[in-house]
file protein-v7.cif (mmCIF, C-alpha atoms)
data_entry
#
loop_
_atom_site.label_atom_id
_atom_site.label_comp_id
_atom_site.auth_asym_id
_atom_site.auth_seq_id
_atom_site.Cartn_x
_atom_site.Cartn_y
_atom_site.Cartn_z
CA MET W 1 121.30 68.80 116.92
CA LYS W 2 119.71 70.76 119.77
CA MET W 3 119.44 73.80 117.51
CA ALA W 4 117.59 71.81 114.82
CA LYS W 5 115.30 70.33 117.46
CA TYR W 6 114.55 73.79 118.84
CA VAL W 7 113.78 75.18 115.37
CA MET W 8 111.47 72.28 114.56
CA LYS W 9 109.65 72.72 117.86
CA ARG W 10 109.16 76.44 117.22
CA LEU W 11 107.93 75.80 113.67
CA VAL W 12 105.37 73.26 114.88
CA LEU W 13 104.15 75.67 117.55
CA MET W 14 103.99 78.47 114.98
CA LEU W 15 101.83 76.37 112.64
CA PHE W 16 99.58 75.36 115.54
CA VAL W 17 99.06 78.99 116.61
CA LEU W 18 98.44 80.00 112.98
CA PHE W 19 95.85 77.21 112.66
CA VAL W 20 94.04 78.25 115.86
CA ILE W 21 93.91 81.94 114.90
CA THR W 22 92.78 81.08 111.36
CA THR W 23 90.04 78.80 112.68
CA VAL W 24 88.67 81.36 115.12
CA CYS W 25 88.71 84.18 112.55
CA PHE W 26 87.11 81.98 109.88
CA MET W 27 84.24 80.99 112.15
CA LEU W 28 83.62 84.59 113.23
CA VAL W 29 83.80 85.93 109.67
CA ARG W 30 81.55 83.30 108.10
CA ILE W 31 78.70 83.86 110.57
CA LEU W 32 78.48 87.49 109.42
CA PRO W 33 75.89 88.38 106.76
CA ARG W 34 77.21 88.26 103.21
CA PRO W 35 75.32 90.61 100.87
CA LEU W 36 75.30 89.62 97.22
CA PRO W 37 77.39 92.03 95.11
CA ASP W 38 75.33 94.29 92.87
CA TYR W 39 76.61 92.96 89.54
CA LYS W 40 73.54 91.69 87.70
CA ASN W 41 75.48 90.46 84.67
CA LEU W 42 77.75 88.38 86.93
CA ARG W 43 75.07 87.14 89.32
CA ASP W 44 75.06 83.53 88.05
CA ILE W 45 78.87 83.35 88.05
CA ILE W 46 79.06 84.70 91.61
CA LEU W 47 76.39 82.31 92.90
CA ALA W 48 78.16 79.35 91.21
CA ARG W 49 81.46 80.37 92.79
CA TRP W 50 79.79 80.73 96.21
CA GLU W 51 78.39 77.23 95.81
CA ALA W 52 81.84 75.87 94.91
CA LEU W 53 83.35 77.53 97.99
CA GLY W 54 80.64 75.99 100.16
CA TYR W 55 79.10 79.24 101.37
CA ASN W 56 75.72 77.49 101.73
CA GLU W 57 77.11 74.57 103.76
CA PRO W 58 77.47 74.27 107.56
CA LEU W 59 80.44 76.13 109.07
CA LEU W 60 82.63 73.07 109.60
CA VAL W 61 82.07 71.93 106.02
CA GLN W 62 82.90 75.44 104.79
CA TYR W 63 86.12 75.38 106.80
CA GLY W 64 87.06 71.98 105.41
CA ILE W 65 86.54 73.24 101.86
CA TYR W 66 88.54 76.40 102.68
CA LEU W 67 91.53 74.42 104.00
CA LYS W 68 91.32 71.94 101.13
CA ASN W 69 91.41 74.75 98.56
CA ILE W 70 94.46 76.31 100.27
CA PHE W 71 96.49 73.10 100.42
CA THR W 72 95.51 71.68 97.02
CA SER W 73 95.33 74.76 94.79
CA TRP W 74 96.61 77.68 96.93
CA ASP W 75 93.14 79.22 96.69
CA PHE W 76 92.39 81.64 99.57
CA GLY W 77 88.99 82.62 98.22
CA THR W 78 87.76 85.37 95.96
CA SER W 79 87.25 89.11 96.19
CA TRP W 80 83.64 90.15 95.57
CA TYR W 81 83.75 93.86 96.34
CA ILE W 82 87.28 95.25 95.92
CA GLU W 83 87.86 93.58 92.54
CA VAL W 84 84.96 91.35 91.63
CA ASN W 85 85.77 87.67 90.98
CA GLU W 86 89.53 88.24 91.48
CA PRO W 87 91.46 85.68 93.59
CA ALA W 88 92.29 87.08 97.04
CA TRP W 89 95.90 85.89 96.75
CA ASN W 90 96.40 87.92 93.56
CA LEU W 91 95.15 91.08 95.27
CA LEU W 92 97.69 90.58 98.06
CA THR W 93 100.69 89.89 95.81
CA ASP W 94 99.85 92.83 93.54
CA ARG W 95 99.98 95.20 96.51
CA LEU W 96 103.05 93.75 98.21
CA LEU W 97 105.73 95.65 96.26
CA PRO W 98 104.68 99.25 97.16
CA THR W 99 104.37 98.25 100.83
CA VAL W 100 107.83 96.69 100.85
CA LEU W 101 109.43 99.62 99.01
CA VAL W 102 108.08 102.34 101.33
CA ASN W 103 108.99 100.41 104.49
CA LEU W 104 112.37 99.32 103.13
CA TYR W 105 113.32 102.90 102.24
CA SER W 106 112.36 104.02 105.75
CA LEU W 107 114.52 101.28 107.29
CA ILE W 108 117.52 102.16 105.13
CA LEU W 109 117.16 105.74 106.38
CA SER W 110 116.38 104.87 110.01
CA ILE W 111 118.98 102.23 110.88
CA PRO W 112 122.22 104.23 110.40
CA ILE W 113 120.75 107.44 111.88
CA GLY W 114 119.13 105.68 114.85
CA ILE W 115 122.19 103.60 115.74
CA GLY W 116 124.54 106.54 115.15
CA LEU W 117 122.58 108.83 117.46
CA GLY W 118 122.36 106.06 120.07
CA VAL W 119 126.13 105.54 120.01
CA TYR W 120 126.77 109.28 120.23
CA ALA W 121 124.40 109.64 123.20
CA ALA W 122 125.97 106.68 125.03
CA ILE W 123 129.51 107.97 124.56
CA ASN W 124 128.43 111.38 125.89
CA LYS W 125 126.38 109.97 128.77
CA ASN W 126 125.09 112.57 131.26
CA LYS W 127 126.33 115.43 129.08
CA TRP W 128 124.12 117.98 127.35
CA GLN W 129 124.30 116.03 124.08
CA ASP W 130 122.91 112.93 125.82
CA SER W 131 120.19 114.91 127.55
CA PHE W 132 119.14 116.62 124.32
CA ILE W 133 119.02 113.36 122.32
CA SER W 134 117.20 111.49 125.10
CA THR W 135 114.58 114.22 125.39
CA ALA W 136 114.07 114.33 121.64
CA VAL W 137 113.79 110.52 121.53
CA MET W 138 111.06 110.52 124.19
CA ILE W 139 109.12 113.13 122.24
CA PHE W 140 109.44 111.33 118.90
CA ILE W 141 108.51 107.94 120.39
CA SER W 142 105.42 109.41 122.07
CA VAL W 143 104.01 110.99 118.90
CA PRO W 144 101.94 108.66 116.64
CA ALA W 145 103.02 108.10 113.05
CA TYR W 146 99.92 109.76 111.60
CA VAL W 147 100.89 113.05 113.29
CA TYR W 148 104.24 112.94 111.48
CA ALA W 149 102.35 112.19 108.27
CA PHE W 150 100.22 115.33 108.61
CA LEU W 151 103.26 117.44 109.56
CA VAL W 152 105.23 116.17 106.57
CA GLN W 153 102.30 116.91 104.27
CA TYR W 154 101.83 120.38 105.74
CA PHE W 155 105.45 121.51 105.53
CA LEU W 156 106.71 119.65 102.45
CA TYR W 157 103.56 120.02 100.35
CA PHE W 158 101.35 122.92 101.49
CA LYS W 159 104.08 125.18 102.88
CA PHE W 160 107.07 124.63 100.57
CA ASN W 161 105.60 122.49 97.76
CA LEU W 162 108.66 120.23 97.66
CA LEU W 163 106.93 116.84 97.49
CA PRO W 164 103.65 115.45 96.16
CA LEU W 165 100.77 115.20 98.63
CA GLN W 166 100.34 111.46 98.04
CA VAL W 167 102.15 108.57 96.40
CA LEU W 168 101.65 108.61 92.64
CA SER W 169 99.77 105.90 90.82
CA LEU W 170 101.66 103.60 88.46
CA ALA W 171 100.20 105.39 85.43
CA ASP W 172 101.34 108.82 86.67
CA ALA W 173 104.83 107.51 87.50
CA GLY W 174 105.51 105.99 84.10
CA GLY W 175 104.29 102.47 84.78
CA SER W 176 107.06 101.46 87.18
CA TRP W 177 107.66 101.58 90.93
CA PHE W 178 111.35 102.33 90.34
CA THR W 179 111.22 105.68 88.56
CA TRP W 180 112.51 108.93 90.08
CA LYS W 181 108.98 110.41 90.07
CA MET W 182 107.67 107.45 92.07
CA PHE W 183 110.61 107.56 94.49
CA LYS W 184 110.09 111.28 95.05
CA SER W 185 106.41 110.73 95.85
CA MET W 186 107.43 108.06 98.39
CA ILE W 187 109.77 110.36 100.34
CA ALA W 188 106.93 111.85 102.42
CA PRO W 189 105.59 108.51 103.78
CA VAL W 190 109.16 107.28 104.23
CA LEU W 191 109.92 110.30 106.44
CA ALA W 192 106.67 109.84 108.38
CA LEU W 193 107.60 106.22 109.12
CA SER W 194 111.25 106.97 109.90
CA PHE W 195 110.85 109.35 112.85
CA GLY W 196 109.51 106.70 115.21
CA GLN W 197 111.93 104.03 113.99
CA ILE W 198 114.93 106.32 114.44
CA ALA W 199 113.82 107.20 117.98
CA GLY W 200 113.28 103.54 118.89
CA LEU W 201 116.65 102.41 117.57
CA CYS W 202 118.40 105.35 119.21
CA ARG W 203 116.90 104.63 122.63
CA PHE W 204 117.63 100.90 122.43
CA THR W 205 121.21 101.42 121.20
CA ARG W 206 121.96 103.99 123.88
CA ALA W 207 120.61 101.73 126.64
CA GLU W 208 122.60 98.69 125.50
CA LEU W 209 125.82 100.57 124.79
CA THR W 210 125.70 102.51 128.07
CA GLU W 211 125.55 99.22 129.97
CA THR W 212 128.32 97.71 127.87
CA LEU W 213 130.65 100.70 128.32
CA THR W 214 130.63 100.17 132.10
CA SER W 215 131.56 96.47 131.87
CA ASP W 216 134.77 95.08 133.36
CA TYR W 217 136.22 93.99 130.03
CA MET W 218 136.06 97.61 128.81
CA LEU W 219 138.25 98.65 131.75
CA LEU W 220 140.64 95.83 130.85
CA ALA W 221 140.71 96.97 127.20
CA ARG W 222 141.59 100.51 128.28
CA THR W 223 144.39 99.28 130.58
CA LYS W 224 145.87 97.38 127.62
CA GLY W 225 146.40 100.69 125.85
CA LEU W 226 143.35 100.97 123.63
CA THR W 227 141.88 104.43 123.22
CA ARG W 228 138.27 105.00 124.19
CA ALA W 229 137.22 105.05 120.53
CA GLN W 230 139.10 101.80 119.79
CA ALA W 231 137.66 100.03 122.84
CA THR W 232 134.17 101.21 121.97
CA SER W 233 134.29 100.15 118.31
CA ARG W 234 136.13 96.83 118.82
CA HIS W 235 134.47 95.58 122.01
CA ALA W 236 131.56 97.62 123.37
CA LEU W 237 129.69 98.20 120.12
CA LYS W 238 130.16 94.59 119.02
CA ASN W 239 128.64 93.25 122.23
CA ALA W 240 125.88 95.85 122.29
CA MET W 241 124.82 94.71 118.81
CA VAL W 242 123.80 91.27 120.13
CA PRO W 243 120.29 92.43 121.16
CA ILE W 244 120.12 95.22 118.57
CA LEU W 245 120.65 93.11 115.42
CA PRO W 246 117.71 90.75 116.13
CA MET W 247 115.54 93.82 116.57
CA ILE W 248 116.64 95.06 113.14
CA ILE W 249 116.04 91.60 111.62
CA SER W 250 112.53 91.56 113.07
CA THR W 251 111.88 95.01 111.62
CA PHE W 252 113.08 93.89 108.19
CA ILE W 253 110.62 90.99 108.22
CA GLY W 254 107.93 93.37 109.38
CA VAL W 255 108.28 95.52 106.24
CA LEU W 256 105.93 93.08 104.53
CA ALA W 257 103.14 94.04 106.90
CA GLY W 258 103.22 97.72 106.05
CA SER W 259 101.46 100.48 107.93
CA PHE W 260 97.65 100.76 107.94
CA VAL W 261 97.52 104.46 108.81
CA ILE W 262 100.40 105.70 106.63
CA GLU W 263 99.11 103.81 103.59
CA GLN W 264 95.68 105.35 104.06
CA ILE W 265 96.98 108.91 104.48
CA PHE W 266 99.33 108.79 101.49
CA SER W 267 97.10 106.58 99.29
CA ILE W 268 99.73 103.86 98.98
CA PRO W 269 98.14 100.89 97.16
CA GLY W 270 99.73 98.44 99.58
CA VAL W 271 98.85 95.56 101.86
CA GLY W 272 97.79 97.81 104.75
CA GLN W 273 95.32 99.71 102.57
CA LEU W 274 93.97 96.42 101.20
CA TYR W 275 93.35 95.19 104.75
CA MET W 276 91.38 98.32 105.64
CA MET W 277 89.38 98.12 102.38
CA SER W 278 88.47 94.49 103.04
CA ILE W 279 87.03 95.47 106.43
CA ARG W 280 85.20 98.53 105.12
CA LEU W 281 83.69 96.74 102.09
CA PHE W 282 82.98 93.44 103.92
CA ASP W 283 85.20 91.53 101.51
CA TYR W 284 85.59 88.58 103.86
CA ASP W 285 87.84 86.32 101.77
CA VAL W 286 90.32 89.14 101.25
CA PHE W 287 90.17 89.91 104.98
CA MET W 288 90.96 86.25 105.79
CA MET W 289 93.85 86.27 103.32
CA ASP W 290 95.30 89.40 104.91
CA MET W 291 94.76 88.09 108.44
CA ILE W 292 96.61 84.85 107.66
CA PHE W 293 99.41 86.82 106.03
CA TYR W 294 99.83 89.22 108.97
CA THR W 295 99.70 86.42 111.54
CA PHE W 296 102.29 84.38 109.64
CA ILE W 297 104.65 87.35 109.30
CA SER W 298 104.38 88.14 113.03
CA LEU W 299 105.01 84.53 114.10
CA LEU W 300 107.87 84.10 111.62
CA ALA W 301 109.55 87.29 112.86
CA GLY W 302 109.54 85.92 116.41
CA ILE W 303 111.18 82.67 115.35
CA VAL W 304 113.82 84.37 113.19
CA VAL W 305 114.71 86.74 116.03
CA ASP W 306 115.12 83.89 118.52
CA ILE W 307 117.26 81.86 116.13
CA SER W 308 119.39 84.88 115.19
CA TYR W 309 120.52 85.23 118.83
CA GLY W 310 122.30 81.88 118.55
CA PHE W 311 124.15 82.88 115.39
CA ILE W 312 125.07 86.37 116.55
CA ASP W 313 126.30 85.28 119.99
CA PRO W 314 127.75 81.73 120.13
CA ARG W 315 127.45 81.81 123.95
CA ILE W 316 123.68 81.53 123.57
CA ARG W 317 122.75 77.91 123.05
CA MET W 318 119.28 77.23 121.73
CA GLY W 319 117.20 74.60 123.45
CA GLU W 320 119.07 74.71 126.76
#

call {"tool": "encode", "arguments": {"input": "protein-v7.cif", "output": "structure tokens"}}
result
Amino acid sequence: MKMAKYVMKRLVLMLFVLFVITTVCFMLVRILPRPLPDYKNLRDIILARWEALGYNEPLLVQYGIYLKNIFTSWDFGTSWYIEVNEPAWNLLTDRLLPTVLVNLYSLILSIPIGIGLGVYAAINKNKWQDSFISTAVMIFISVPAYVYAFLVQYFLYFKFNLLPLQVLSLADAGGSWFTWKMFKSMIAPVLALSFGQIAGLCRFTRAELTETLTSDYMLLARTKGLTRAQATSRHALKNAMVPILPMIISTFIGVLAGSFVIEQIFSIPGVGQLYMMSIRLFDYDVFMMDMIFYTFISLLAGIVVDISYGFIDPRIRMGE
């Protein structure tokens, strides 16, 4: 009962925060100048659509129409510059799959390597292996993702010509995101995203496992006759995963958001690139759609992480 109450409270707060952020962004966006797109043959259609969306009304009336369209017909506005007269929601959903695929591939690569290196460093604490991994982790965490992107392009494309420079278009990859040619073109951005994720997971795993290995129950497990490997795998690693798994869950939810910089560098037609295009081309309805989407994903990730603690560790009781 307390768990359900806690979840409901968090959901209400999430919706309230989403509403506040949406309201502020809407007001700021709608006071900006809106140049008429240079499509003379569509001028009357565009002006009629602007009138239907209330662009000529006061701000509060515009906002009321905007919310009404969302709740009654799931209409988040229209793109006027990226794809003229195309619903903003359609632009987002069309670009969601490449974003998810690139980020999902990077997670599948990062999670086992990051956790494995973290466990190895913790078991060899204060030895040369630990020092080497910790130093490498600090370097990889400090370097921005776009630097990895340029390094991957330089070595794997210019130097050795192993991978394409950028992600292929659907037409060049055979019309599907699941062909070998498309997957091969995604390897470079996947690697660029993975370095930082591996370093972050490694550092977090090492910190948690190092603390767990020095706990009293580990000494008790060893006195009962368990080897160090058995005690680590059965007890220490299991308890260390309590804070690590929610972090992984949050990262999985975050794959929907994508990466602005990586998508720009590798020409990935994803959500991040759409967001940057909407800003550059002053496509305000698309920008609002992306902003709502990103805010919702961020807030949802926080709730899922908090709730997951209660399921992973029964000792944590939500709402108390």

call {"tool": "atom_distance", "arguments": {"input": "protein-v7.cif", "atom1": "CA of Leu193 (chain W)", "atom2": "CA of Lys159 (chain W)"}}
result
20.3 Å

call {"tool": "closest_residue", "arguments": {"input": "protein-v7.cif", "among": "W:Val7, W:Gly118, W:Asp44, W:Phe183", "to": "Ser131 (chain W)", "atoms": "all atoms listed in the file"}}
result
W:Gly118

call {"tool": "residues_around", "arguments": {"input": "protein-v7.cif", "residues": "region 12-18 of chain W", "least_positions_apart": "5", "cutoff": "12 Å", "atoms": "only C-alpha atoms", "output": "list of chain:residue names"}}
result
W:Lys5, W:Tyr6, W:Val7, W:Thr23, W:Val24, W:Cys25, W:Phe26, W:Met291, W:Ile292, W:Phe293, W:Tyr294, W:Thr295, W:Phe296, W:Ile297, W:Ser298, W:Leu299, W:Leu300, W:Ala301, W:Gly302, W:Ile303, W:Val304

call {"tool": "write_last_selection", "arguments": {"input": "protein-v7.cif", "atoms": "C-alpha atoms", "output": "CSV table (one decimal), in the coordinates of the input"}}
result
chain,number,residue,atom,x,y,z
W,5,LYS,CA,115.3,70.3,117.5
W,6,TYR,CA,114.6,73.8,118.8
W,7,VAL,CA,113.8,75.2,115.4
W,23,THR,CA,90.0,78.8,112.7
W,24,VAL,CA,88.7,81.4,115.1
W,25,CYS,CA,88.7,84.2,112.6
W,26,PHE,CA,87.1,82.0,109.9
W,291,MET,CA,94.8,88.1,108.4
W,292,ILE,CA,96.6,84.8,107.7
W,293,PHE,CA,99.4,86.8,106.0
W,294,TYR,CA,99.8,89.2,109.0
W,295,THR,CA,99.7,86.4,111.5
W,296,PHE,CA,102.3,84.4,109.6
W,297,ILE,CA,104.6,87.4,109.3
W,298,SER,CA,104.4,88.1,113.0
W,299,LEU,CA,105.0,84.5,114.1
W,300,LEU,CA,107.9,84.1,111.6
W,301,ALA,CA,109.6,87.3,112.9
W,302,GLY,CA,109.5,85.9,116.4
W,303,ILE,CA,111.2,82.7,115.4
W,304,VAL,CA,113.8,84.4,113.2

call {"tool": "closest_residue", "arguments": {"input": "protein-v7.cif", "among": "W:Pro243, W:Pro58, W:Pro164, W:Pro87", "to": "Thr212 (chain W)", "atoms": "all atoms listed in the file"}}
result
W:Pro243

call {"tool": "resolve_selection", "arguments": {"input": "protein-v7.cif", "expression": "the PyMOL selection byres ((chain W and resi 45-55) around 9)", "output": "PyMOL selection string"}}
result
chain W and resi 30+36-37+39+41-44+56-59+61-63+65-66+69+77-78+80+84-85

call {"tool": "decode", "arguments": {"input": "protein-v7.cif", "residues": "region 36-70 of chain W", "atoms": "N, CA and C atoms", "output": "PDB file, in the first residue's frame"}}
result
ATOM      1  N   LEU W  36       7.518  33.357 -42.020  1.00  0.00           N
ATOM      2  CA  LEU W  36       6.681  32.503 -42.853  1.00  0.00           C
ATOM      3  C   LEU W  36       7.568  31.692 -43.797  1.00  0.00           C
ATOM      4  N   PRO W  37       7.394  30.369 -43.850  1.00  0.00           N
ATOM      5  CA  PRO W  37       8.218  29.547 -44.751  1.00  0.00           C
ATOM      6  C   PRO W  37       8.072  29.996 -46.207  1.00  0.00           C
ATOM      7  N   ASP W  38       9.149  29.878 -46.936  1.00  0.00           N
ATOM      8  CA  ASP W  38       9.178  30.355 -48.326  1.00  0.00           C
ATOM      9  C   ASP W  38       8.669  29.267 -49.267  1.00  0.00           C
ATOM     10  N   TYR W  39       7.376  28.947 -49.127  1.00  0.00           N
ATOM     11  CA  TYR W  39       6.731  27.972 -50.020  1.00  0.00           C
ATOM     12  C   TYR W  39       5.485  28.654 -50.586  1.00  0.00           C
ATOM     13  N   LYS W  40       5.633  29.346 -51.706  1.00  0.00           N
ATOM     14  CA  LYS W  40       4.546  30.162 -52.231  1.00  0.00           C
ATOM     15  C   LYS W  40       3.322  29.333 -52.594  1.00  0.00           C
ATOM     16  N   ASN W  41       3.521  28.118 -53.080  1.00  0.00           N
ATOM     17  CA  ASN W  41       2.386  27.289 -53.462  1.00  0.00           C
ATOM     18  C   ASN W  41       1.635  26.737 -52.254  1.00  0.00           C
ATOM     19  N   LEU W  42       2.269  26.785 -51.079  1.00  0.00           N
ATOM     20  CA  LEU W  42       1.618  26.281 -49.859  1.00  0.00           C
ATOM     21  C   LEU W  42       1.267  27.417 -48.889  1.00  0.00           C
ATOM     22  N   ARG W  43       1.393  28.642 -49.340  1.00  0.00           N
ATOM     23  CA  ARG W  43       1.207  29.781 -48.443  1.00  0.00           C
ATOM     24  C   ARG W  43      -0.166  29.776 -47.776  1.00  0.00           C
ATOM     25  N   ASP W  44      -1.225  29.564 -48.575  1.00  0.00           N
ATOM     26  CA  ASP W  44      -2.588  29.585 -48.024  1.00  0.00           C
ATOM     27  C   ASP W  44      -2.808  28.450 -47.039  1.00  0.00           C
ATOM     28  N   ILE W  45      -2.244  27.263 -47.344  1.00  0.00           N
ATOM     29  CA  ILE W  45      -2.402  26.118 -46.444  1.00  0.00           C
ATOM     30  C   ILE W  45      -1.694  26.383 -45.125  1.00  0.00           C
ATOM     31  N   ILE W  46      -0.491  26.958 -45.202  1.00  0.00           N
ATOM     32  CA  ILE W  46       0.284  27.240 -43.987  1.00  0.00           C
ATOM     33  C   ILE W  46      -0.423  28.281 -43.130  1.00  0.00           C
ATOM     34  N   LEU W  47      -0.923  29.349 -43.766  1.00  0.00           N
ATOM     35  CA  LEU W  47      -1.616  30.392 -43.009  1.00  0.00           C
ATOM     36  C   LEU W  47      -2.888  29.851 -42.355  1.00  0.00           C
ATOM     37  N   ALA W  48      -3.605  28.960 -43.067  1.00  0.00           N
ATOM     38  CA  ALA W  48      -4.819  28.359 -42.496  1.00  0.00           C
ATOM     39  C   ALA W  48      -4.476  27.474 -41.299  1.00  0.00           C
ATOM     40  N   ARG W  49      -3.388  26.745 -41.412  1.00  0.00           N
ATOM     41  CA  ARG W  49      -2.947  25.879 -40.306  1.00  0.00           C
ATOM     42  C   ARG W  49      -2.504  26.730 -39.110  1.00  0.00           C
ATOM     43  N   TRP W  50      -1.806  27.824 -39.373  1.00  0.00           N
ATOM     44  CA  TRP W  50      -1.390  28.728 -38.295  1.00  0.00           C
ATOM     45  C   TRP W  50      -2.613  29.291 -37.572  1.00  0.00           C
ATOM     46  N   GLU W  51      -3.640  29.619 -38.360  1.00  0.00           N
ATOM     47  CA  GLU W  51      -4.865  30.143 -37.753  1.00  0.00           C
ATOM     48  C   GLU W  51      -5.535  29.091 -36.883  1.00  0.00           C
ATOM     49  N   ALA W  52      -5.539  27.835 -37.356  1.00  0.00           N
ATOM     50  CA  ALA W  52      -6.153  26.745 -36.577  1.00  0.00           C
ATOM     51  C   ALA W  52      -5.393  26.477 -35.290  1.00  0.00           C
ATOM     52  N   LEU W  53      -4.070  26.659 -35.320  1.00  0.00           N
ATOM     53  CA  LEU W  53      -3.251  26.450 -34.125  1.00  0.00           C
ATOM     54  C   LEU W  53      -3.231  27.668 -33.204  1.00  0.00           C
ATOM     55  N   GLY W  54      -3.904  28.742 -33.635  1.00  0.00           N
ATOM     56  CA  GLY W  54      -4.026  29.915 -32.774  1.00  0.00           C
ATOM     57  C   GLY W  54      -2.794  30.774 -32.704  1.00  0.00           C
ATOM     58  N   TYR W  55      -1.965  30.758 -33.742  1.00  0.00           N
ATOM     59  CA  TYR W  55      -0.725  31.536 -33.712  1.00  0.00           C
ATOM     60  C   TYR W  55      -0.981  33.038 -33.623  1.00  0.00           C
ATOM     61  N   ASN W  56      -2.174  33.479 -34.052  1.00  0.00           N
ATOM     62  CA  ASN W  56      -2.488  34.908 -34.037  1.00  0.00           C
ATOM     63  C   ASN W  56      -3.245  35.328 -32.780  1.00  0.00           C
ATOM     64  N   GLU W  57      -3.460  34.408 -31.869  1.00  0.00           N
ATOM     65  CA  GLU W  57      -4.189  34.688 -30.629  1.00  0.00           C
ATOM     66  C   GLU W  57      -3.217  35.089 -29.524  1.00  0.00           C
ATOM     67  N   PRO W  58      -3.749  35.624 -28.396  1.00  0.00           N
ATOM     68  CA  PRO W  58      -2.890  35.890 -27.233  1.00  0.00           C
ATOM     69  C   PRO W  58      -2.218  34.616 -26.737  1.00  0.00           C
ATOM     70  N   LEU W  59      -1.116  34.768 -25.989  1.00  0.00           N
ATOM     71  CA  LEU W  59      -0.309  33.619 -25.573  1.00  0.00           C
ATOM     72  C   LEU W  59      -1.111  32.587 -24.796  1.00  0.00           C
ATOM     73  N   LEU W  60      -1.916  33.040 -23.838  1.00  0.00           N
ATOM     74  CA  LEU W  60      -2.673  32.088 -23.024  1.00  0.00           C
ATOM     75  C   LEU W  60      -3.678  31.313 -23.872  1.00  0.00           C
ATOM     76  N   VAL W  61      -4.277  31.965 -24.834  1.00  0.00           N
ATOM     77  CA  VAL W  61      -5.213  31.270 -25.734  1.00  0.00           C
ATOM     78  C   VAL W  61      -4.452  30.257 -26.582  1.00  0.00           C
ATOM     79  N   GLN W  62      -3.276  30.667 -27.080  1.00  0.00           N
ATOM     80  CA  GLN W  62      -2.442  29.737 -27.847  1.00  0.00           C
ATOM     81  C   GLN W  62      -2.102  28.500 -27.028  1.00  0.00           C
ATOM     82  N   TYR W  63      -1.763  28.730 -25.760  1.00  0.00           N
ATOM     83  CA  TYR W  63      -1.381  27.596 -24.901  1.00  0.00           C
ATOM     84  C   TYR W  63      -2.568  26.674 -24.644  1.00  0.00           C
ATOM     85  N   GLY W  64      -3.742  27.283 -24.465  1.00  0.00           N
ATOM     86  CA  GLY W  64      -4.945  26.469 -24.286  1.00  0.00           C
ATOM     87  C   GLY W  64      -5.232  25.600 -25.497  1.00  0.00           C
ATOM     88  N   ILE W  65      -5.086  26.188 -26.693  1.00  0.00           N
ATOM     89  CA  ILE W  65      -5.285  25.425 -27.930  1.00  0.00           C
ATOM     90  C   ILE W  65      -4.245  24.318 -28.053  1.00  0.00           C
ATOM     91  N   TYR W  66      -2.996  24.637 -27.676  1.00  0.00           N
ATOM     92  CA  TYR W  66      -1.899  23.656 -27.753  1.00  0.00           C
ATOM     93  C   TYR W  66      -2.183  22.452 -26.862  1.00  0.00           C
ATOM     94  N   LEU W  67      -2.580  22.705 -25.607  1.00  0.00           N
ATOM     95  CA  LEU W  67      -2.887  21.611 -24.677  1.00  0.00           C
ATOM     96  C   LEU W  67      -4.114  20.831 -25.137  1.00  0.00           C
ATOM     97  N   LYS W  68      -5.114  21.550 -25.640  1.00  0.00           N
ATOM     98  CA  LYS W  68      -6.329  20.879 -26.118  1.00  0.00           C
ATOM     99  C   LYS W  68      -6.003  19.932 -27.268  1.00  0.00           C
ATOM    100  N   ASN W  69      -5.163  20.392 -28.199  1.00  0.00           N
ATOM    101  CA  ASN W  69      -4.798  19.541 -29.340  1.00  0.00           C
ATOM    102  C   ASN W  69      -4.032  18.296 -28.887  1.00  0.00           C
ATOM    103  N   ILE W  70      -3.174  18.451 -27.858  1.00  0.00           N
ATOM    104  CA  ILE W  70      -2.407  17.305 -27.364  1.00  0.00           C
ATOM    105  C   ILE W  70      -3.326  16.276 -26.736  1.00  0.00           C
TER     106      ILE W  70
END
